[in-house]
Amino acid sequence: MRPMTAQTLKIDHARYVLTLDAQRRIIQDGAVLIENGRIARVGKAAELASASADRVIDGRHMVVTPGFVNGHMHISYAHAVRGIFPDDVGSPLPQVFKLQMAMTEEEEYHTTLLGLVELVKNGTVCFVDPGSTKYPDACLQAYEDAGIRVILGECVTDREAPFPLPRYPAAEAIDKTSAFLKRWNGRLNGRLRAWVMPFSAETCSADLLKSLKRLADEHRTFLTLHFNSGVKARADYQEHGAGSPTAYLDSLGLLGPNVCLAHVLGIDDIEIDLMARAGSTAAMCPVTAAKGARGAGQLGRLPELVAKGVKVALGCDSPNNSNHLDILRALNMAAIQYKDARQDMKLIPAETALELATLTGAHALGVGDEIGSLDVGKKADLLLFDTQRPEWQALFNPVNNLVYNADGRSLHTVIIDGRVVVDAYKQSFVDEPRLYAKVQEIGESLLARTGVSHPRSRWPMV
C-alpha cells in the first residue's frame, strides 16, 4: 500500500513549530499549509485560519519539526544479524562484509525494507547508503513504497582491503560509477540521488580517486568515502610524503564542497582547516564511535568542525554498529558526549544538535535548498512529535525536551514530499509482523551459510 497522499494538507494549532528558518523561529499555536508536496505557508494558526485543505491534522499536542537527515547509513544487510557481535569481539568488519557479500537479491530487499520501516518511523526522511546496497533494482520498489529520499552509489575499490569489498581495475571502477550515476540519479521523482562512492582512501589508488572526483564534478553530484585520521595515520601518511590523510586528499584535489567525509575521527586542527577552506562536509556517527570505544570525546572533533563552519550531518551507520536507526538518539549522543568528555557543558548545545539532524545536516548532503527547514517553497518533509507522553512532561523548552528527553517512539506523524508516510505511529507500506518473521528467517539462513557464529548470550539460554 502506498503512503497516504493529499493534494493539500494542513497542520493546525500545533503546540510548537520548530521552523529552523533563518531566524530559528519557534511558533506557538502554529500552522503549516502544504500544497503539491511543498510548504505553502507557515505561521500562527490565526494567520492561516482561512486556509482550507483536503486534510487537516490537529496539532494541539504536537511539536512539529523538519524531517531528519541520516548522513551515513548502511541499510541493506545488518538487520538480519543485528546484535550478534559480543562487546569484546573487536572489529566485526571482516565478518560484517562476509555476511553482506553472501546476501541474495531477495534477502537484501527484505532487510532493506525493514531498515526503511525503522528509519521512517524514527523520523529519517533522507539517508545516505554509502555503497552497501548490492541490488538497487530489487530495492527500488521498497524505496518507492516507503516514500523516503535515498542517496545511493556503487562502492568501488582497486586495492586490496583487510575485508571483502567490491574490487575492480581502476578503469572498470570508473565505468561502473559513471553508469550508476547515469542510471539512478533523479529517479523516484527526484527522491533518489546517486553519488560517487569509493570505499576509502586506503582502498583506492590515487588515480582512481582523482578520476572519481572528476566524475562527481562532471555530474554535479557528491562524493563520499569512509575517512579517519589520528596520530598513527598521520605518521603513516607522512612516510609517503603527505602531512596527513586529509592533506593527501587535498593534494589529489579530492576536497571540495561536493565531498562528504564519513566518520572523520582523529583529525587535527590543520586537517579541520583544510576541510573548512575547501568547503568539504562531514557525516559523523556518534553512537557508533561511542559503542566502538573509538574515543569520540577526544578524537571526535565535532565542536571544532562546527566552530570552523564545516557542515556536519549525523548518521546511524549500521544496525550492527550503533545498532539502532533512531537519529534522535544519535543527536542526543552528539549533544552529551563532548560535554562529559571535556567537562564543558557549553559544547554542542541542544539547538546545534538539532541543526545537525535537520538544516545543517541537509546542507552537508547537498539537499539544504530543498529540505531541512520549514520554509515556504521547500519540500514538505515534516515530523509531528506527540507530547502527550510522560517523557515530554513538563514542556517549556521544546528543543531541550526533543534533544534530551525524547526518542523516536514519540514520533506520531511523518510527512515526506507532502505525503503522510507514518500516520498515528503506523506506516502502511508493509505488513510488519510478516516482515519481522521473514528477516529472522533470513538471519538464521545467512549465519548457517557463512559459518559466522557467536554465542547468543554470555548468560545461559535455557
# chains A, B, ... in the order shown; residues from 1 in each chain; ligands from 1
call {"tool": "residues_around", "arguments": {"residues": "Ala80 in chain A", "least_positions_apart": "2", "cutoff": "9 Å", "atoms": "only C-alpha atoms", "output": "PyMOL selection string"}}
result
chain A and resi 77-78+82+107+111+439-444+446
call {"tool": "closest_atom_pairs", "arguments": {"of": "range 62-148 of chain A", "to": "range 155-175 of chain A", "cutoff": "6 Å", "atoms": "only C-alpha atoms", "output": "CSV"}}
result
residue,atom,partner,partner_atom,distance
A:Pro94,CA,A:Phe163,CA,4.7
A:Phe97,CA,A:Pro164,CA,5.9
A:Gly131,CA,A:Cys155,CA,4.3
call {"tool": "write_last_selection", "arguments": {"atoms": "C-alpha atoms", "output": "mmCIF file, in the first residue's frame"}}
result
data_model
loop_
_atom_site.group_PDB
_atom_site.id
_atom_site.type_symbol
_atom_site.label_atom_id
_atom_site.label_comp_id
_atom_site.auth_asym_id
_atom_site.auth_seq_id
_atom_site.Cartn_x
_atom_site.Cartn_y
_atom_site.Cartn_z
ATOM 1 C CA PRO A 94 35.603 -8.829 8.290
ATOM 2 C CA PHE A 97 31.353 -7.814 4.928
ATOM 3 C CA GLY A 131 27.622 1.907 -1.290
#
call {"tool": "residues_around", "arguments": {"residues": "Ala142 in chain A", "least_positions_apart": "4", "cutoff": "9 Å", "atoms": "only C-alpha atoms", "output": "ChimeraX atom specification"}}
result
/A:109-110,112-113,116,138,146-147,429
call {"tool": "write_last_selection", "arguments": {"atoms": "C-alpha atoms", "output": "short mmCIF file (atom, residue, chain, number, x, y, z; two decimals), in the first residue's frame"}}
result
data_model
loop_
_atom_site.label_atom_id
_atom_site.label_comp_id
_atom_site.auth_asym_id
_atom_site.auth_seq_id
_atom_site.Cartn_x
_atom_site.Cartn_y
_atom_site.Cartn_z
CA TYR A 109 15.16 -6.49 -0.49
CA HIS A 110 13.57 -7.68 2.75
CA THR A 112 16.27 -3.07 3.26
CA LEU A 113 12.52 -2.92 3.70
CA LEU A 116 13.19 1.64 5.84
CA ALA A 138 15.48 -5.13 -6.20
CA ALA A 146 8.34 3.91 1.77
CA GLY A 147 8.29 7.34 0.13
CA PHE A 429 3.59 0.12 3.06
#
call {"tool": "select_by_dssp", "arguments": {"residues": "range 44-268 of chain A", "states": "helix (DSSP H, G or I)", "output": "number ranges by chain"}}
result
A: 78-81, 93-102, 105-121, 136-146, 170-184, 206-218, 231-238, 245-251
call {"tool": "select_by_dssp", "arguments": {"residues": "range 241-418 of chain A", "states": "strand (DSSP E or B)", "output": "PyMOL selection string"}}
result
chain A and resi 259-263+281-284+312-314+317+379+382-386+411-416
call {"tool": "closest_atom_pairs", "arguments": {"of": "range 58-94 of chain A", "to": "range 23-33 of chain A", "cutoff": "12 Å", "atoms": "only C-alpha atoms", "output": "Markdown table"}}
result
| residue | atom | partner | partner_atom | distance |
| --- | --- | --- | --- | --- |
| A:Asp58 | CA | A:Ala31 | CA | 9.7 |
| A:Gly59 | CA | A:Ala31 | CA | 8.1 |
| A:Arg60 | CA | A:Asp29 | CA | 7.5 |
| A:His61 | CA | A:Asp29 | CA | 9.9 |
| A:Met62 | CA | A:Asp29 | CA | 9.8 |
| A:Val63 | CA | A:Gln28 | CA | 9.4 |
| A:Val64 | CA | A:Gly30 | CA | 9.0 |
| A:Thr65 | CA | A:Ile26 | CA | 9.7 |
| A:Pro66 | CA | A:Val32 | CA | 11.4 |
call {"tool": "residues_around", "arguments": {"residues": "Lys379 in chain A", "least_positions_apart": "4", "cutoff": "7 Å", "atoms": "only C-alpha atoms", "output": "list in words"}}
result
Gly37, Arg38, Ile39, Glu370, Ile371 and Asp417 of chain A
call {"tool": "residues_around", "arguments": {"residues": "Ala362 in chain A", "least_positions_apart": "2", "cutoff": "10 Å", "atoms": "only C-alpha atoms", "output": "ChimeraX atom specification"}}
result
/A:67-71,126-127,311-314,355-360,364-373
call {"tool": "write_last_selection", "arguments": {"atoms": "N, CA and C atoms", "output": "PDB file, in the first residue's frame"}}
result
ATOM      1  N   GLY A  67      11.911  17.222   8.789  1.00  0.00           N
ATOM      2  CA  GLY A  67      12.352  15.834   8.783  1.00  0.00           C
ATOM      3  C   GLY A  67      13.846  15.731   9.012  1.00  0.00           C
ATOM      4  N   PHE A  68      14.280  14.587   9.518  1.00  0.00           N
ATOM      5  CA  PHE A  68      15.686  14.359   9.831  1.00  0.00           C
ATOM      6  C   PHE A  68      16.428  13.773   8.634  1.00  0.00           C
ATOM      7  N   VAL A  69      17.698  14.146   8.512  1.00  0.00           N
ATOM      8  CA  VAL A  69      18.573  13.516   7.523  1.00  0.00           C
ATOM      9  C   VAL A  69      19.546  12.596   8.249  1.00  0.00           C
ATOM     10  N   ASN A  70      19.925  11.526   7.594  1.00  0.00           N
ATOM     11  CA  ASN A  70      20.797  10.498   8.161  1.00  0.00           C
ATOM     12  C   ASN A  70      21.964  10.343   7.192  1.00  0.00           C
ATOM     13  N   GLY A  71      23.124  10.886   7.560  1.00  0.00           N
ATOM     14  CA  GLY A  71      24.191  11.100   6.601  1.00  0.00           C
ATOM     15  C   GLY A  71      25.090   9.919   6.308  1.00  0.00           C
ATOM     16  N   CYS A 126      15.547  11.374   4.699  1.00  0.00           N
ATOM     17  CA  CYS A 126      16.577  11.297   3.660  1.00  0.00           C
ATOM     18  C   CYS A 126      17.804  10.634   4.271  1.00  0.00           C
ATOM     19  N   PHE A 127      18.375   9.638   3.582  1.00  0.00           N
ATOM     20  CA  PHE A 127      19.566   8.976   4.118  1.00  0.00           C
ATOM     21  C   PHE A 127      20.549   8.669   3.003  1.00  0.00           C
ATOM     22  N   LYS A 311      30.021  21.985   7.537  1.00  0.00           N
ATOM     23  CA  LYS A 311      28.678  21.415   7.643  1.00  0.00           C
ATOM     24  C   LYS A 311      28.792  19.934   7.990  1.00  0.00           C
ATOM     25  N   VAL A 312      28.096  19.531   9.047  1.00  0.00           N
ATOM     26  CA  VAL A 312      28.162  18.154   9.531  1.00  0.00           C
ATOM     27  C   VAL A 312      26.764  17.571   9.595  1.00  0.00           C
ATOM     28  N   ALA A 313      26.604  16.369   9.060  1.00  0.00           N
ATOM     29  CA  ALA A 313      25.394  15.581   9.250  1.00  0.00           C
ATOM     30  C   ALA A 313      25.692  14.463  10.235  1.00  0.00           C
ATOM     31  N   LEU A 314      24.657  13.955  10.863  1.00  0.00           N
ATOM     32  CA  LEU A 314      24.799  12.804  11.751  1.00  0.00           C
ATOM     33  C   LEU A 314      24.312  11.551  11.040  1.00  0.00           C
ATOM     34  N   GLU A 355      20.146  21.110  14.731  1.00  0.00           N
ATOM     35  CA  GLU A 355      20.545  21.599  13.408  1.00  0.00           C
ATOM     36  C   GLU A 355      21.309  20.528  12.634  1.00  0.00           C
ATOM     37  N   LEU A 356      22.148  19.757  13.326  1.00  0.00           N
ATOM     38  CA  LEU A 356      22.922  18.717  12.648  1.00  0.00           C
ATOM     39  C   LEU A 356      22.017  17.670  12.014  1.00  0.00           C
ATOM     40  N   ALA A 357      20.869  17.418  12.618  1.00  0.00           N
ATOM     41  CA  ALA A 357      19.939  16.423  12.086  1.00  0.00           C
ATOM     42  C   ALA A 357      18.953  17.006  11.090  1.00  0.00           C
ATOM     43  N   THR A 358      18.963  18.343  10.941  1.00  0.00           N
ATOM     44  CA  THR A 358      17.994  18.976  10.050  1.00  0.00           C
ATOM     45  C   THR A 358      18.717  19.873   9.037  1.00  0.00           C
ATOM     46  N   LEU A 359      18.731  21.175   9.257  1.00  0.00           N
ATOM     47  CA  LEU A 359      19.203  22.085   8.219  1.00  0.00           C
ATOM     48  C   LEU A 359      20.692  21.959   7.939  1.00  0.00           C
ATOM     49  N   THR A 360      21.522  21.969   8.979  1.00  0.00           N
ATOM     50  CA  THR A 360      22.963  21.841   8.751  1.00  0.00           C
ATOM     51  C   THR A 360      23.287  20.507   8.100  1.00  0.00           C
ATOM     52  N   ALA A 364      25.007  19.610   4.497  1.00  0.00           N
ATOM     53  CA  ALA A 364      26.165  18.725   4.386  1.00  0.00           C
ATOM     54  C   ALA A 364      25.976  17.692   3.288  1.00  0.00           C
ATOM     55  N   LEU A 365      24.723  17.332   3.010  1.00  0.00           N
ATOM     56  CA  LEU A 365      24.421  16.338   1.985  1.00  0.00           C
ATOM     57  C   LEU A 365      23.997  16.969   0.668  1.00  0.00           C
ATOM     58  N   GLY A 366      24.089  18.280   0.576  1.00  0.00           N
ATOM     59  CA  GLY A 366      23.762  18.951  -0.667  1.00  0.00           C
ATOM     60  C   GLY A 366      22.285  19.079  -0.953  1.00  0.00           C
ATOM     61  N   VAL A 367      21.424  18.900   0.065  1.00  0.00           N
ATOM     62  CA  VAL A 367      19.980  18.987  -0.139  1.00  0.00           C
ATOM     63  C   VAL A 367      19.355  20.093   0.712  1.00  0.00           C
ATOM     64  N   GLY A 368      20.182  20.979   1.246  1.00  0.00           N
ATOM     65  CA  GLY A 368      19.680  22.015   2.145  1.00  0.00           C
ATOM     66  C   GLY A 368      18.801  23.043   1.482  1.00  0.00           C
ATOM     67  N   ASP A 369      18.869  23.159   0.161  1.00  0.00           N
ATOM     68  CA  ASP A 369      17.976  24.087  -0.528  1.00  0.00           C
ATOM     69  C   ASP A 369      16.577  23.514  -0.691  1.00  0.00           C
ATOM     70  N   GLU A 370      16.421  22.202  -0.465  1.00  0.00           N
ATOM     71  CA  GLU A 370      15.135  21.547  -0.653  1.00  0.00           C
ATOM     72  C   GLU A 370      14.463  21.139   0.654  1.00  0.00           C
ATOM     73  N   ILE A 371      15.265  20.699   1.627  1.00  0.00           N
ATOM     74  CA  ILE A 371      14.700  20.205   2.884  1.00  0.00           C
ATOM     75  C   ILE A 371      15.555  20.715   4.040  1.00  0.00           C
ATOM     76  N   GLY A 372      15.151  20.376   5.268  1.00  0.00           N
ATOM     77  CA  GLY A 372      15.947  20.723   6.442  1.00  0.00           C
ATOM     78  C   GLY A 372      15.378  21.848   7.278  1.00  0.00           C
ATOM     79  N   SER A 373      14.460  22.629   6.718  1.00  0.00           N
ATOM     80  CA  SER A 373      13.799  23.703   7.472  1.00  0.00           C
ATOM     81  C   SER A 373      12.394  23.858   6.936  1.00  0.00           C
TER      82      SER A 373
END
